[in-house]
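Asks: Below: one structure in structure tokens.
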Amino acid sequence: MGPVEIPATPKQVVSLDAYVGLQTLDELGAPVVATGTLGGGLHTLVRTASQELPSIGVTALGDVQLEAIALAAPDLIVGRQPIGEE
């Protein structure tokens, strides 16, 4: 949806997207500390360490637990725009 600049190297990242977003962050070696709930066979898309991350809720259903995000103390939260939205 346009260029994104992150002015500093994040030390703790929360991924709101437990699938594509988490997989991409894994591939980039980002320091993810919590993510949306992983389910089904999609565990195999991410590293073993990421499969054991604390959950912030089922983000696809909007069941995000703000307290869990705050507890993770992220300096960057990564989400994704739903397909088809402006």
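Residue names in the structure tokens use chain letters A, B, ... in the order shown, residue numbers from 1 in each chain, and ligand numbers from 1 in the order shown.
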Which residues, written as a ChimeraX atom specification, have at least one atom at most 8 Å from Gly21 in chain A, with only C-alpha atoms counted and residues fewer than 4 positions away on the same chain left out?

Replies: /A:15-17,25,78-80

Asks: Kindly assemble as JSON lines a list of the range 4-63 of chain A residues that lie within 7 Å of range 67-77 of chain A, each paired with its nearest atom pair and their distance in Å to one decimal, using only C-alpha atoms, sorted first by chain and then by ascending residue number.

Replies:
```
{"residue": "A:Pro10", "atom": "CA", "partner": "A:Asp75", "partner_atom": "CA", "distance": 6.0}
{"residue": "A:Lys11", "atom": "CA", "partner": "A:Asp75", "partner_atom": "CA", "distance": 6.7}
{"residue": "A:Gln12", "atom": "CA", "partner": "A:Pro74", "partner_atom": "CA", "distance": 4.7}
{"residue": "A:Val13", "atom": "CA", "partner": "A:Leu76", "partner_atom": "CA", "distance": 4.9}
{"residue": "A:Val14", "atom": "CA", "partner": "A:Ile77", "partner_atom": "CA", "distance": 4.8}
{"residue": "A:Ser15", "atom": "CA", "partner": "A:Ile77", "partner_atom": "CA", "distance": 6.0}
{"residue": "A:Val33", "atom": "CA", "partner": "A:Ala72", "partner_atom": "CA", "distance": 6.4}
{"residue": "A:Ala34", "atom": "CA", "partner": "A:Ala72", "partner_atom": "CA", "distance": 6.5}
{"residue": "A:Ile56", "atom": "CA", "partner": "A:Ala68", "partner_atom": "CA", "distance": 5.3}
```

Asks: How far is it from CA of Ala8 in chain A to CA of Glu52 in chain A, in Å with one decimal?

Replies: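 About the pair CA of Ala8 in chain A and CA of Glu52 in chain A: they are 26.3 Å apart.
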
Asks: Just asking: which residues within range 7-59 of chain A are strand (DSSP E) according to DSSP, as a list of chain:residue names?

Replies: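 Here are the strand (DSSP E) residues of range 7-59 of chain A: A:Val13, A:Val14, A:Ser15, A:Val32, A:Val33, A:Ala34, A:Thr35, A:Gly57, A:Val58.
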
Asks: Can you spit out the residues from that selection as an mmCIF file, in the first residue's frame, using C-alpha atoms?

Replies:
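Saved as selection-v5.cif:
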```cif
data_model
loop_
_atom_site.group_PDB
_atom_site.id
_atom_site.type_symbol
_atom_site.label_atom_id
_atom_site.label_comp_id
_atom_site.auth_asym_id
_atom_site.auth_seq_id
_atom_site.Cartn_x
_atom_site.Cartn_y
_atom_site.Cartn_z
ATOM 1 C CA VAL A 13 8.093 -7.203 17.187
ATOM 2 C CA VAL A 14 4.487 -8.383 17.475
ATOM 3 C CA SER A 15 2.954 -9.923 14.349
ATOM 4 C CA VAL A 32 9.164 -11.535 16.967
ATOM 5 C CA VAL A 33 8.024 -11.847 20.601
ATOM 6 C CA ALA A 34 4.292 -12.612 20.130
ATOM 7 C CA THR A 35 1.860 -13.355 17.320
ATOM 8 C CA GLY A 57 -5.489 -13.968 20.164
ATOM 9 C CA VAL A 58 -7.184 -14.998 16.935
#
```

Asks: Between A:Thr37, A:Ser55, A:Ser50, A:Gln65, which is the closest to Thr24 in chain A once you count only C-alpha atoms?

Replies: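 Looking at the shortest contact to Thr24 in chain A, the residue is A:Ser50.
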
Asks: Assign secondary structure with DSSP using the backbone only, and return the residues of chain A in helix (DSSP H, G or I) as number ranges by chain.

Replies: A: 20-28, 40-45, 48-51, 59-61, 66-72

Asks: By how many Å are CA of Arg47 in chain A and CA of Tyr19 in chain A apart?

Replies: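 Pair CA of Arg47 in chain A / CA of Tyr19 in chain A returns 11.6 Å.
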
Asks: Can you measure CA of Leu28 in chain A to CA of Val46 in chain A for me? One decimal in Å is fine.

Replies: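 Separation between CA of Leu28 in chain A and CA of Val46 in chain A: 11.6 Å.
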